[in-house]
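Data from work26.cif: mmCIF, C-alpha atoms
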```cif
data_query
#
loop_
_atom_site.label_atom_id
_atom_site.label_comp_id
_atom_site.auth_asym_id
_atom_site.auth_seq_id
_atom_site.Cartn_x
_atom_site.Cartn_y
_atom_site.Cartn_z
CA MET A 1 14.37 48.74 0.00
CA VAL A 2 13.42 46.51 -2.91
CA MET A 3 9.84 46.57 -1.74
CA ASP A 4 9.91 50.33 -1.64
CA ARG A 5 11.11 50.39 -5.19
CA ILE A 6 8.44 47.97 -6.33
CA LYS A 7 5.79 49.97 -4.55
CA ARG A 8 7.07 53.08 -6.16
CA LEU A 9 7.00 51.47 -9.58
CA LEU A 10 3.50 50.21 -9.00
CA ARG A 11 2.40 53.59 -7.81
CA ARG A 12 4.00 55.15 -10.86
CA ASP A 13 2.10 52.73 -13.09
CA GLU A 14 -1.15 53.76 -11.50
CA THR A 15 -0.59 57.46 -11.69
CA ALA A 16 1.60 58.18 -14.67
CA PRO A 17 1.26 55.39 -17.14
CA ALA A 18 2.64 56.86 -20.30
CA ALA A 19 4.20 60.26 -19.96
CA ALA A 20 6.89 59.53 -17.38
CA ASN A 21 10.45 60.84 -17.82
CA VAL A 22 9.58 63.04 -20.75
CA PHE A 23 10.00 66.76 -20.93
CA PRO A 24 6.86 68.76 -21.48
CA GLY A 25 6.00 69.25 -25.07
CA GLU A 26 7.78 66.09 -26.12
CA SER A 27 5.09 63.67 -25.07
CA HIS A 28 1.88 63.75 -27.04
CA GLU A 29 0.37 60.79 -25.31
CA LYS A 30 -2.77 61.60 -23.45
CA PRO A 31 -2.55 60.73 -19.76
CA SER A 32 -5.08 58.29 -18.43
CA ALA A 33 -7.96 59.41 -16.25
CA ALA A 34 -5.94 58.36 -13.17
CA ALA A 35 -3.31 60.97 -14.00
CA VAL A 36 -5.81 63.82 -13.93
CA TRP A 37 -7.89 64.74 -10.94
CA GLU A 38 -9.60 67.70 -9.40
CA ARG A 39 -9.50 68.70 -5.75
CA HIS A 40 -10.10 71.54 -3.35
CA SER A 41 -7.06 73.75 -2.89
CA HIS A 42 -6.73 75.80 0.27
CA GLY A 43 -3.69 77.51 -1.17
CA LEU A 44 -5.51 78.60 -4.29
CA ALA A 45 -8.52 79.71 -2.25
CA GLU A 46 -6.24 81.85 -0.11
CA PHE A 47 -4.53 83.25 -3.20
CA SER A 48 -7.86 84.04 -4.88
CA GLY A 49 -9.16 85.58 -1.68
CA ALA A 50 -6.14 87.86 -1.48
CA LEU A 51 -6.80 89.20 -4.98
CA GLU A 52 -10.57 89.08 -5.12
CA PRO A 53 -11.79 92.54 -4.20
CA ARG A 54 -9.46 94.17 -6.69
CA THR A 55 -9.28 94.21 -10.48
CA GLY A 56 -6.59 95.17 -12.94
CA LEU A 57 -3.73 93.54 -11.03
CA ASN A 58 -0.46 92.27 -12.46
CA LEU A 59 -0.05 88.52 -12.04
CA LEU A 60 2.92 86.32 -12.90
CA ASP A 61 2.39 82.68 -13.79
CA PHE A 62 5.30 80.21 -13.84
CA GLY A 63 3.11 77.34 -14.99
CA GLU A 64 2.20 76.08 -18.39
CA LEU A 65 0.12 78.35 -20.58
CA LEU A 66 -3.36 76.91 -20.03
CA GLN A 67 -6.66 78.19 -21.34
CA ALA A 68 -8.43 77.62 -18.04
CA ASN A 69 -5.91 79.67 -16.04
CA VAL A 70 -5.81 82.51 -18.54
CA THR A 71 -9.60 82.64 -18.74
CA TYR A 72 -10.02 82.57 -14.99
CA LEU A 73 -7.36 85.12 -14.09
CA THR A 74 -8.10 87.60 -16.85
CA SER A 75 -11.84 87.40 -16.17
CA PHE A 76 -11.25 89.71 -13.21
CA GLY A 77 -9.49 92.23 -15.40
CA HIS A 78 -6.03 91.18 -14.29
CA LYS A 79 -3.04 91.28 -16.61
CA LEU A 80 -1.29 87.95 -16.78
CA TYR A 81 2.43 87.50 -17.40
CA SER A 82 3.63 84.10 -18.41
CA VAL A 83 7.08 82.60 -17.95
CA ALA A 84 7.77 79.56 -20.08
CA LEU A 85 10.15 78.16 -17.48
CA TRP A 86 9.61 74.46 -18.16
CA ARG A 87 10.15 74.93 -21.84
CA ASP A 88 13.35 76.84 -21.19
CA MET A 89 14.52 74.08 -18.89
CA ALA A 90 13.90 71.52 -21.61
CA ALA A 91 15.52 73.64 -24.31
CA ASN A 92 18.56 74.61 -22.27
CA PRO A 93 19.28 71.79 -19.81
CA SER A 94 22.88 72.85 -19.13
CA LEU A 95 21.69 76.18 -17.73
CA TYR A 96 19.35 74.44 -15.32
CA SER A 97 21.61 71.60 -14.28
CA GLU A 98 22.93 71.51 -10.73
CA ASP A 99 26.42 70.51 -11.89
CA SER A 100 26.56 72.86 -14.83
CA GLU A 101 30.01 73.77 -16.08
CA GLU A 102 28.93 77.15 -17.33
CA GLN A 103 30.04 80.23 -15.42
CA ASN A 104 27.63 80.91 -12.60
CA GLU A 105 27.51 84.62 -13.21
CA ALA A 106 26.57 84.12 -16.84
CA ARG A 107 23.96 81.53 -15.92
CA LEU A 108 22.37 83.81 -13.39
CA LYS A 109 22.25 86.72 -15.78
CA LEU A 110 20.70 84.64 -18.52
CA PHE A 111 18.17 83.04 -16.19
CA LEU A 112 17.05 86.29 -14.56
CA ASN A 113 16.93 88.20 -17.83
CA SER A 114 14.86 85.62 -19.58
CA ASN A 115 12.46 84.85 -16.75
CA LEU A 116 12.32 87.63 -14.17
CA ASN A 117 13.25 90.81 -15.91
CA TYR A 118 10.50 93.04 -14.51
CA PRO A 119 10.41 96.36 -12.69
CA ASN A 120 10.48 96.44 -8.92
CA ASP A 121 7.14 96.22 -7.04
CA HIS A 122 5.33 95.18 -10.20
CA PHE A 123 3.34 92.08 -9.31
CA ASP A 124 0.38 91.75 -6.99
CA GLY A 125 0.32 87.99 -7.29
CA VAL A 126 2.66 85.20 -8.36
CA LEU A 127 1.65 81.66 -9.22
CA LEU A 128 4.95 79.94 -8.72
CA TRP A 129 3.51 76.40 -8.54
CA ASP A 130 6.38 73.88 -8.12
CA ALA A 131 8.99 75.72 -10.20
CA LEU A 132 11.45 76.33 -7.35
CA GLU A 133 11.72 72.67 -6.51
CA PHE A 134 13.39 71.85 -9.80
CA LEU A 135 15.79 74.77 -10.01
CA PRO A 136 19.42 74.31 -9.04
CA SER A 137 20.21 76.04 -5.76
CA LEU A 138 22.08 78.90 -7.39
CA LEU A 139 19.14 79.83 -9.60
CA MET A 140 16.59 79.14 -6.87
CA LYS A 141 18.17 81.62 -4.46
CA ALA A 142 18.44 84.23 -7.19
CA ALA A 143 14.84 83.64 -8.21
CA VAL A 144 13.54 84.08 -4.66
CA GLU A 145 15.51 87.28 -4.24
CA ARG A 146 14.28 88.65 -7.55
CA LEU A 147 10.70 87.65 -6.73
CA HIS A 148 10.95 89.64 -3.53
CA ARG A 149 11.97 92.65 -5.58
CA VAL A 150 9.38 92.39 -8.33
CA MET A 151 6.45 91.72 -5.98
CA LYS A 152 4.56 94.58 -4.42
CA PRO A 153 4.52 94.83 -0.64
CA GLY A 154 1.47 92.84 0.46
CA GLY A 155 1.56 90.80 -2.74
CA CYS A 156 0.65 87.13 -2.56
CA MET A 157 2.48 84.12 -3.98
CA LEU A 158 1.33 80.52 -4.27
CA ALA A 159 4.09 77.92 -4.34
CA VAL A 160 3.87 74.14 -4.23
CA PHE A 161 6.42 71.66 -2.88
CA HIS A 162 6.31 67.90 -2.75
CA ALA A 163 5.99 66.64 0.79
CA GLU A 164 7.35 63.14 0.18
CA GLU A 165 10.91 63.59 1.32
CA LYS A 166 12.33 60.21 0.34
CA ALA A 167 11.03 60.07 -3.18
CA SER A 168 13.77 59.93 -5.80
CA GLU A 169 11.36 61.13 -8.47
CA VAL A 170 8.28 63.22 -8.06
CA PRO A 171 5.50 63.95 -10.50
CA VAL A 172 5.58 67.25 -12.32
CA TYR A 173 2.04 68.52 -12.62
CA SER A 174 0.20 70.99 -14.72
CA TYR A 175 -2.00 73.02 -12.43
CA ARG A 176 -5.29 73.98 -14.03
CA ILE A 177 -7.53 76.38 -12.16
CA ALA A 178 -11.06 75.01 -12.15
CA SER A 179 -12.49 77.67 -9.82
CA ALA A 180 -11.40 80.02 -7.06
CA ASP A 181 -10.72 77.12 -4.72
CA THR A 182 -10.43 74.08 -7.01
CA LEU A 183 -7.42 72.82 -8.91
CA GLN A 184 -7.20 70.19 -11.59
CA LEU A 185 -3.86 68.41 -11.44
CA GLU A 186 -2.42 66.48 -14.33
CA ILE A 187 0.77 64.46 -14.15
CA LYS A 188 2.97 65.50 -17.05
CA PHE A 189 6.03 63.42 -16.29
CA LEU A 190 8.28 62.33 -13.43
CA ARG A 191 11.43 64.14 -12.49
CA ARG A 192 14.12 64.11 -9.87
CA PRO A 193 13.77 67.23 -7.75
CA ALA A 194 16.87 69.34 -7.22
CA ARG A 195 16.30 68.91 -3.48
CA HIS A 196 13.58 68.22 -0.94
CA PHE A 197 12.08 70.92 1.21
CA ASN A 198 10.60 70.54 4.64
CA ASN A 199 8.66 73.32 6.35
CA ARG A 200 11.80 74.70 7.99
CA ALA A 201 13.67 74.88 4.69
CA ILE A 202 10.75 76.61 3.03
CA GLU A 203 10.48 79.16 5.83
CA LYS A 204 14.19 79.81 5.56
CA MET A 205 13.98 80.24 1.82
CA PHE A 206 11.27 82.89 2.15
CA GLN A 207 12.64 84.51 5.29
CA GLN A 208 12.80 87.97 3.74
CA PHE A 209 9.06 87.85 3.00
CA HIS A 210 6.43 88.94 5.47
CA SER A 211 4.72 85.62 6.13
CA VAL A 212 4.61 81.99 5.04
CA LYS A 213 1.60 79.75 5.46
CA PHE A 214 1.44 76.02 4.74
CA PHE A 215 -1.36 73.71 3.66
CA LEU A 216 -0.62 70.00 3.45
CA THR A 217 -2.71 68.23 0.84
CA ARG A 218 -3.72 64.61 0.52
CA ASP A 219 -1.71 64.16 -2.66
CA ASN A 220 1.54 64.76 -0.80
CA LEU A 221 1.97 68.37 -1.72
CA ARG A 222 2.62 71.38 0.43
CA GLU A 223 0.78 74.43 -0.81
CA VAL A 224 2.52 77.51 0.49
CA ILE A 225 1.14 81.03 0.60
CA VAL A 226 3.88 83.62 0.82
CA ARG A 227 3.15 87.27 1.53
CA ARG A 228 5.59 89.94 0.53
CA MET B 1 -1.04 35.03 -25.52
CA TRP B 2 -1.81 33.48 -28.96
CA LYS B 3 -5.23 35.01 -28.91
CA ARG B 4 -3.74 38.44 -28.30
CA ARG B 5 -1.50 38.06 -31.32
CA GLU B 6 -4.51 37.30 -33.46
CA GLU B 7 -6.15 40.42 -32.16
CA ASP B 8 -3.04 42.40 -32.98
CA TYR B 9 -3.23 41.29 -36.58
CA SER B 10 -6.98 41.65 -36.90
CA PRO B 11 -8.04 44.35 -39.34
CA LYS B 12 -8.78 47.71 -37.79
CA SER B 13 -12.25 49.17 -38.13
CA VAL B 14 -12.51 51.71 -40.86
CA SER B 15 -14.99 54.56 -40.76
CA PRO B 16 -17.20 54.97 -43.83
CA PRO B 17 -15.76 57.29 -46.43
CA ALA B 18 -16.85 60.90 -46.47
CA PRO B 19 -19.37 61.87 -49.18
CA ALA B 20 -16.70 63.67 -51.19
CA GLU B 21 -14.48 60.60 -51.20
CA ARG B 22 -17.30 58.27 -52.23
CA ALA B 23 -17.34 59.90 -55.65
CA ARG B 24 -13.70 58.89 -56.11
CA GLU B 25 -14.17 55.33 -54.97
CA GLY B 26 -13.59 53.80 -58.37
CA ILE B 27 -10.33 55.66 -58.92
CA PRO B 28 -7.13 54.06 -57.70
CA MET B 29 -5.38 56.31 -55.21
CA GLN B 30 -2.16 56.71 -57.19
CA THR B 31 -3.93 58.21 -60.16
CA LEU B 32 -5.23 61.17 -58.17
CA PRO B 33 -3.30 64.34 -58.97
CA ALA B 34 -0.83 65.33 -56.26
CA ARG B 35 -2.40 68.18 -54.30
CA ALA B 36 -0.37 71.21 -53.51
CA ALA B 37 0.39 71.45 -49.81
CA GLU B 38 -1.73 74.53 -49.48
CA PRO B 39 -3.09 74.88 -45.96
CA GLU B 40 -6.83 75.26 -45.68
CA ALA B 41 -6.51 78.55 -43.84
CA ALA B 42 -4.50 80.02 -46.70
CA ARG B 43 -7.29 79.73 -49.24
CA GLY B 44 -8.71 83.11 -50.05
CA SER B 45 -5.87 84.86 -48.23
CA ALA B 46 -2.82 86.70 -49.39
CA LEU B 47 -0.12 84.10 -49.00
CA ILE B 48 3.50 84.60 -48.03
CA GLY B 49 5.03 81.27 -48.92
CA LYS B 50 7.62 79.51 -46.84
CA SER B 51 10.54 80.49 -49.05
CA VAL B 52 9.63 84.18 -48.96
CA VAL B 53 11.39 86.68 -46.68
CA ILE B 54 9.91 90.14 -46.22
CA LYS B 55 11.41 93.05 -44.32
CA GLY B 56 9.35 96.19 -43.86
CA GLN B 57 5.82 97.35 -43.27
CA ILE B 58 2.76 95.53 -44.49
CA TYR B 59 -0.74 96.99 -44.52
CA SER B 60 -3.33 94.53 -45.68
CA ARG B 61 -7.00 94.89 -46.61
CA GLU B 62 -7.50 91.15 -46.88
CA ASP B 63 -6.76 88.05 -44.82
CA MET B 64 -3.13 87.04 -44.76
CA TYR B 65 -1.41 83.71 -44.40
CA ILE B 66 2.29 83.87 -43.50
CA ASP B 67 4.32 80.73 -43.86
CA GLY B 68 7.56 82.51 -44.63
CA GLU B 69 9.60 85.08 -42.74
CA LEU B 70 8.54 88.58 -41.90
CA GLU B 71 10.41 91.31 -40.08
CA GLY B 72 8.90 94.73 -39.43
CA THR B 73 5.26 95.57 -38.82
CA LEU B 74 2.01 94.11 -40.03
CA GLU B 75 -1.33 95.84 -39.90
CA SER B 76 -4.59 94.35 -41.05
CA PRO B 77 -7.19 95.95 -38.83
CA GLU B 78 -10.27 94.42 -40.43
CA HIS B 79 -8.92 91.01 -41.28
CA ARG B 80 -7.36 87.83 -40.08
CA VAL B 81 -3.64 87.12 -40.00
CA THR B 82 -2.53 83.50 -39.82
CA VAL B 83 1.05 82.53 -39.08
CA GLY B 84 1.48 79.03 -40.44
CA PRO B 85 3.65 76.29 -38.95
CA ASN B 86 6.67 77.39 -40.99
CA GLY B 87 6.09 81.08 -40.37
CA LYS B 88 8.72 83.11 -38.51
CA VAL B 89 7.62 86.60 -37.67
CA ARG B 90 9.63 89.27 -35.92
CA ALA B 91 7.11 92.02 -36.05
CA SER B 92 4.37 93.75 -34.18
CA ILE B 93 0.98 92.75 -35.51
CA LYS B 94 -2.31 94.61 -35.42
CA ALA B 95 -5.27 92.76 -36.83
CA ARG B 96 -8.87 91.79 -36.21
CA GLU B 97 -7.86 88.21 -35.55
CA VAL B 98 -4.53 86.39 -35.34
CA VAL B 99 -4.05 82.63 -35.57
CA ILE B 100 -0.60 81.36 -34.61
CA SER B 101 0.88 78.00 -35.47
CA GLY B 102 4.43 79.21 -36.08
CA ALA B 103 6.82 81.52 -34.27
CA ILE B 104 6.23 85.18 -33.47
CA GLN B 105 8.50 87.57 -31.67
CA GLY B 106 6.70 90.84 -31.18
CA ASN B 107 3.60 92.37 -29.69
CA ILE B 108 0.16 91.50 -30.95
CA GLU B 109 -2.98 93.57 -30.76
CA THR B 110 -6.31 92.30 -32.02
CA SER B 111 -9.77 93.75 -31.88
CA ASP B 112 -11.38 90.34 -31.80
CA LYS B 113 -9.43 87.16 -31.11
CA ILE B 114 -6.05 85.48 -30.82
CA ASP B 115 -5.84 81.77 -31.41
CA ILE B 116 -2.61 80.16 -30.16
CA ARG B 117 -2.20 76.65 -31.48
CA LYS B 118 -0.22 73.93 -29.70
CA ASP B 119 2.96 74.23 -31.77
CA ALA B 120 3.02 78.01 -31.61
CA LYS B 121 5.94 79.89 -30.12
CA LEU B 122 5.15 83.40 -29.08
CA VAL B 123 7.35 85.90 -27.28
CA GLY B 124 5.70 89.26 -26.78
CA ASP B 125 2.77 91.05 -25.24
CA ILE B 126 -0.80 90.42 -26.23
CA ARG B 127 -3.77 92.78 -26.15
CA THR B 128 -6.97 91.22 -27.32
CA ALA B 129 -10.67 90.85 -26.63
CA ARG B 130 -10.63 87.07 -26.63
CA ILE B 131 -7.97 84.38 -26.55
CA VAL B 132 -7.99 80.69 -27.37
CA ILE B 133 -5.02 78.59 -26.27
CA GLU B 134 -4.19 75.01 -27.07
CA ASP B 135 -2.18 73.09 -24.49
CA GLY B 136 1.49 72.87 -25.39
CA ALA B 137 2.00 76.34 -26.82
CA TYR B 138 5.12 78.26 -25.82
CA PHE B 139 4.38 81.75 -24.59
CA LYS B 140 6.51 84.29 -22.84
CA GLY B 141 5.01 87.69 -22.30
CA SER B 142 1.84 89.26 -21.00
CA ILE B 143 -1.84 88.86 -21.78
CA ASP B 144 -4.12 91.84 -21.43
CA ILE B 145 -7.76 91.17 -22.19
CA GLN B 146 -9.57 94.27 -23.39
CA ARG B 147 -13.24 93.79 -22.78
CA PRO B 148 -15.96 95.95 -24.28
CA GLU B 149 -17.28 98.51 -21.81
CA VAL B 150 -20.90 97.36 -22.03
CA GLY B 151 -22.89 97.44 -18.79
CA ARG B 152 -20.19 96.54 -16.32
CA ALA B 153 -20.71 97.70 -12.77
CA PRO B 154 -17.30 98.62 -11.36
CA SER B 155 -18.37 97.95 -7.77
CA ALA B 156 -19.28 94.30 -8.32
CA PRO B 157 -16.81 92.67 -10.70
CA LYS B 158 -18.07 89.29 -11.80
CA PRO B 159 -15.95 86.88 -13.78
CA GLN B 160 -16.69 87.00 -17.48
CA PRO B 161 -15.21 84.39 -19.75
CA ALA B 162 -12.43 86.01 -21.70
CA ALA B 163 -12.06 83.29 -24.25
CA ALA B 164 -14.16 81.45 -26.75
CA THR B 165 -14.25 78.43 -24.49
CA PRO B 166 -15.82 79.78 -21.32
CA ALA B 167 -14.87 77.63 -18.42
CA GLN B 168 -14.47 77.53 -14.69
CA THR B 169 -15.35 81.09 -13.91
CA ALA B 170 -18.77 80.69 -12.32
CA THR B 171 -17.43 79.79 -8.91
CA ALA B 172 -14.85 82.52 -8.80
CA THR B 173 -16.57 84.36 -5.98
CA SER B 174 -17.49 81.30 -3.97
CA ALA B 175 -14.25 80.75 -2.07
CA PRO B 176 -15.03 79.43 1.40
CA GLN B 177 -13.33 80.59 4.59
CA GLN B 178 -9.81 79.23 4.68
CA GLN B 179 -8.76 76.69 7.27
CA PRO B 180 -5.49 74.79 7.41
CA LEU B 181 -6.14 71.24 6.22
CA THR B 182 -4.26 69.20 8.78
CA PRO B 183 -2.72 69.75 12.21
CA GLY B 184 0.65 70.02 10.46
CA ALA B 185 -0.66 72.74 8.21
CA ALA B 186 -0.42 75.54 10.67
CA ASP B 187 0.73 79.05 10.03
CA PRO B 188 4.24 79.03 11.42
CA LYS B 189 4.27 82.78 11.85
CA ARG B 190 1.32 82.76 14.18
#
```
How does the structure come out when it is put into structure tokens?
Amino acid sequence: MVMDRIKRLLRRDETAPAAANVFPGESHEKPSAAAVWERHSHGLAEFSGALEPRTGLNLLDFGELLQANVTYLTSFGHKLYSVALWRDMAANPSLYSEDSEEQNEARLKLFLNSNLNYPNDHFDGVLLWDALEFLPSLLMKAAVERLHRVMKPGGCMLAVFHAEEKASEVPVYSYRIASADTLQLEIKFLRRPARHFNNRAIEKMFQQFHSVKFFLTRDNLREVIVRR
Amino acid sequence: MWKRREEDYSPKSVSPPAPAERAREGIPMQTLPARAAEPEAARGSALIGKSVVIKGQIYSREDMYIDGELEGTLESPEHRVTVGPNGKVRASIKAREVVISGAIQGNIETSDKIDIRKDAKLVGDIRTARIVIEDGAYFKGSIDIQRPEVGRAPSAPKPQPAAATPAQTATATSAPQQQPLTPGAADPKR
């Protein structure tokens, strides 16, 4: 157990030297080269492929506002909607805490109104990245239900989950689109996930959707393509 | 260990002074007149200072720099509007170019460019021809890039860089056939 911890600490030193345990926007230290890497992404390739023949689609991005992603997605004539979820989580931690003392109904209303207040069947694509993993279960279930409503039938969603089930903390990445099938990942900080998901749990979560497809990556992530 | 300490206390390298500063070399620093904290972008612009609050409609025929508060509408179709770090704007803005370092709540429409700096906070919808975004900006809303209609074949859409820093669009159409990566990466619905 001690060894595991040491290994974990060593691994953390290698991958996230400076920006660990800090909310986004609060750390201005530049991550080392080891904390940024580029790799092929089957999930992104599948997502891009699902959108490619069409232009002028409505896309929803739960990630950080990044120049590369905006440039890439709008270059096809798509309209991009951005949800500043991480910033809201940092600004309003009690709303996003699992053991929040606030009334659940009020929390839900606030969360859905500020992040997912869109008309039904509005989005052709959703880049969810790893947002669900850090939401308390109450908000996560509501978010999935609302996503089902605001996505068009046949719409495509890319979600990411950490595959390392025993990790007490997992890296929170920024996902920068380098090309249709290449992602640049940057470790922003480490965080305790609200829970761990295996394939079965992910399938169950998206059971009302049409299909769920998994891609396991070498950096211990599950990229999941969900079709409405 | 001792050696490291010496290094810690060793003087840091100093870059040579800029030509403008060389002229002042003989003058002790404290005798220089205190410069007003006027941002560079504000020079030559109509300035709304940080203690100014305006409610209503503004139509401007020159560049504007807003470091105070504005509520209403702002139109400057041929010019640039800059919202400084202290600026708080609750207004819809129409301009040629908008640079944001402060907070805006409202929709923005530009004929040329929007520049969102890292400390900016923007809630609203954007329509623009080009957009430049620094990492760290807060944005909630939609981005609609309006491109000029010049010579674009509708049947073969190719990625065009929407922003001033064109990047990562060349391979947009080169996605290979998709295959699950590992044996465990199967489609469970199949």
Could you list, as JSON, numbers by chain, every residue within 6 Å of range 86-99 of chain B, counting all atoms listed in the file and ignoring same-chain residues fewer than 3 positions away? {"B": [66, 67, 68, 69, 70, 71, 72, 73, 74, 75, 76, 77, 78, 79, 80, 81, 82, 83, 102, 103, 104, 105, 106, 107, 108, 109, 110, 111, 112, 113, 114, 115]}
Given the selection you just returned, output its residues as a file containing C-alpha atoms, formatted as a PDB file, in the coordinates of the input.
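Written file, part-v3.pdb:
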```
ATOM      1  CA  ILE B  66       2.290  83.870 -43.500  1.00  0.00           C
ATOM      2  CA  ASP B  67       4.320  80.730 -43.860  1.00  0.00           C
ATOM      3  CA  GLY B  68       7.560  82.510 -44.630  1.00  0.00           C
ATOM      4  CA  GLU B  69       9.600  85.080 -42.740  1.00  0.00           C
ATOM      5  CA  LEU B  70       8.540  88.580 -41.900  1.00  0.00           C
ATOM      6  CA  GLU B  71      10.410  91.310 -40.080  1.00  0.00           C
ATOM      7  CA  GLY B  72       8.900  94.730 -39.430  1.00  0.00           C
ATOM      8  CA  THR B  73       5.260  95.570 -38.820  1.00  0.00           C
ATOM      9  CA  LEU B  74       2.010  94.110 -40.030  1.00  0.00           C
ATOM     10  CA  GLU B  75      -1.330  95.840 -39.900  1.00  0.00           C
ATOM     11  CA  SER B  76      -4.590  94.350 -41.050  1.00  0.00           C
ATOM     12  CA  PRO B  77      -7.190  95.950 -38.830  1.00  0.00           C
ATOM     13  CA  GLU B  78     -10.270  94.420 -40.430  1.00  0.00           C
ATOM     14  CA  HIS B  79      -8.920  91.010 -41.280  1.00  0.00           C
ATOM     15  CA  ARG B  80      -7.360  87.830 -40.080  1.00  0.00           C
ATOM     16  CA  VAL B  81      -3.640  87.120 -40.000  1.00  0.00           C
ATOM     17  CA  THR B  82      -2.530  83.500 -39.820  1.00  0.00           C
ATOM     18  CA  VAL B  83       1.050  82.530 -39.080  1.00  0.00           C
ATOM     19  CA  GLY B 102       4.430  79.210 -36.080  1.00  0.00           C
ATOM     20  CA  ALA B 103       6.820  81.520 -34.270  1.00  0.00           C
ATOM     21  CA  ILE B 104       6.230  85.180 -33.470  1.00  0.00           C
ATOM     22  CA  GLN B 105       8.500  87.570 -31.670  1.00  0.00           C
ATOM     23  CA  GLY B 106       6.700  90.840 -31.180  1.00  0.00           C
ATOM     24  CA  ASN B 107       3.600  92.370 -29.690  1.00  0.00           C
ATOM     25  CA  ILE B 108       0.160  91.500 -30.950  1.00  0.00           C
ATOM     26  CA  GLU B 109      -2.980  93.570 -30.760  1.00  0.00           C
ATOM     27  CA  THR B 110      -6.310  92.300 -32.020  1.00  0.00           C
ATOM     28  CA  SER B 111      -9.770  93.750 -31.880  1.00  0.00           C
ATOM     29  CA  ASP B 112     -11.380  90.340 -31.800  1.00  0.00           C
ATOM     30  CA  LYS B 113      -9.430  87.160 -31.110  1.00  0.00           C
ATOM     31  CA  ILE B 114      -6.050  85.480 -30.820  1.00  0.00           C
ATOM     32  CA  ASP B 115      -5.840  81.770 -31.410  1.00  0.00           C
TER      33      ASP B 115
END
```
Identify every residue of chain A that has at least one atom within 7 Å of any atom of chain B, counting only C-alpha atoms, and report the result as a PyMOL selection string. chain A and resi 25+42+45-46+65-68+71-72+74-76+79-84+178-181+211-216
The PyMOL selection byres ((chain A and resi 207) around 12) on the file shown: which residues, as an MDAnalysis selection string? (chainID A and resid 141 144:145 148 199:206 208:212 226:228) or (chainID B and resid 188:189)
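CA of Tyr96 in chain A to CA of Leu128 in chain A spans 16.8 Å [interatomic distance, one decimal].
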Just to confirm, what's the straight-line distance from CA of Tyr175 in chain A to CA of Ile187 in chain A in Å (one decimal)? 9.2 Å
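Here CA of Arg195 in chain A is placed at a distance of 23.6 Å from CA of Ala35 in chain A.
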Using all atoms listed in the file, which residue out of B:Gly44, B:Ile54, B:Gly84, B:Ser101 lies closest to Leu122 in chain B?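 Closest candidate: B:Ser101.
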Point out the residue among A:Ala163, A:Leu221, A:Arg107, A:Leu183 with the least atom-to-atom distance to Phe197 in chain A, counting all atoms listed in the file.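 Using all atoms listed in the file, Phe197 in chain A sits closest to A:Ala163.
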Box for range 140-158 of chain A: with edges along x, y and z, all listed atoms inside and 3 Å added on each side, what are the centre and edge lengths in Å to one decimal, as JSON?
```
{"center_x": 9.5, "center_y": 87.0, "center_z": -3.9, "size_x": 23.8, "size_y": 21.7, "size_z": 14.8}
```
Applying 7 Å and only C-alpha atoms, which residues near range 56-59 of chain A remain after dropping the ones on its own chain fewer than 2 positions away? List them as an NGL selection string. :A and (54 or 61 or 77-81 or 122-126)
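The residues caught by the PyMOL selection byres ((chain A and resi 224) around 6) in this file are A:Leu158, A:Ala159, A:Val160, A:Lys213, A:Phe214, A:Glu223, A:Ile225.
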So what does the PyMOL selection byres ((chain B and resi 48) around 8) actually pick up in this one, as a PDB file with C-alpha atoms, in the frame of the given file?
```
ATOM      1  CA  ALA B  46      -2.820  86.700 -49.390  1.00  0.00           C
ATOM      2  CA  LEU B  47      -0.120  84.100 -49.000  1.00  0.00           C
ATOM      3  CA  GLY B  49       5.030  81.270 -48.920  1.00  0.00           C
ATOM      4  CA  LYS B  50       7.620  79.510 -46.840  1.00  0.00           C
ATOM      5  CA  VAL B  52       9.630  84.180 -48.960  1.00  0.00           C
ATOM      6  CA  MET B  64      -3.130  87.040 -44.760  1.00  0.00           C
ATOM      7  CA  TYR B  65      -1.410  83.710 -44.400  1.00  0.00           C
ATOM      8  CA  ILE B  66       2.290  83.870 -43.500  1.00  0.00           C
ATOM      9  CA  ASP B  67       4.320  80.730 -43.860  1.00  0.00           C
ATOM     10  CA  GLY B  68       7.560  82.510 -44.630  1.00  0.00           C
TER      11      GLY B  68
END
```
Counting all atoms listed in the file, what is within 8 Å of Leu147 in chain A, bar same-chain residues fewer than 4 positions away, as a list in words?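 The residues satisfying every condition are Leu116, Ala143 and Met151 of chain A.
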Can you write out the residues you just picked, keeping C-alpha atoms, as a CSV table (one decimal), in the coordinates of the input?
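The resulting file, selection.csv, is shown below:
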```
chain,number,residue,atom,x,y,z
A,116,LEU,CA,12.3,87.6,-14.2
A,143,ALA,CA,14.8,83.6,-8.2
A,151,MET,CA,6.4,91.7,-6.0
```
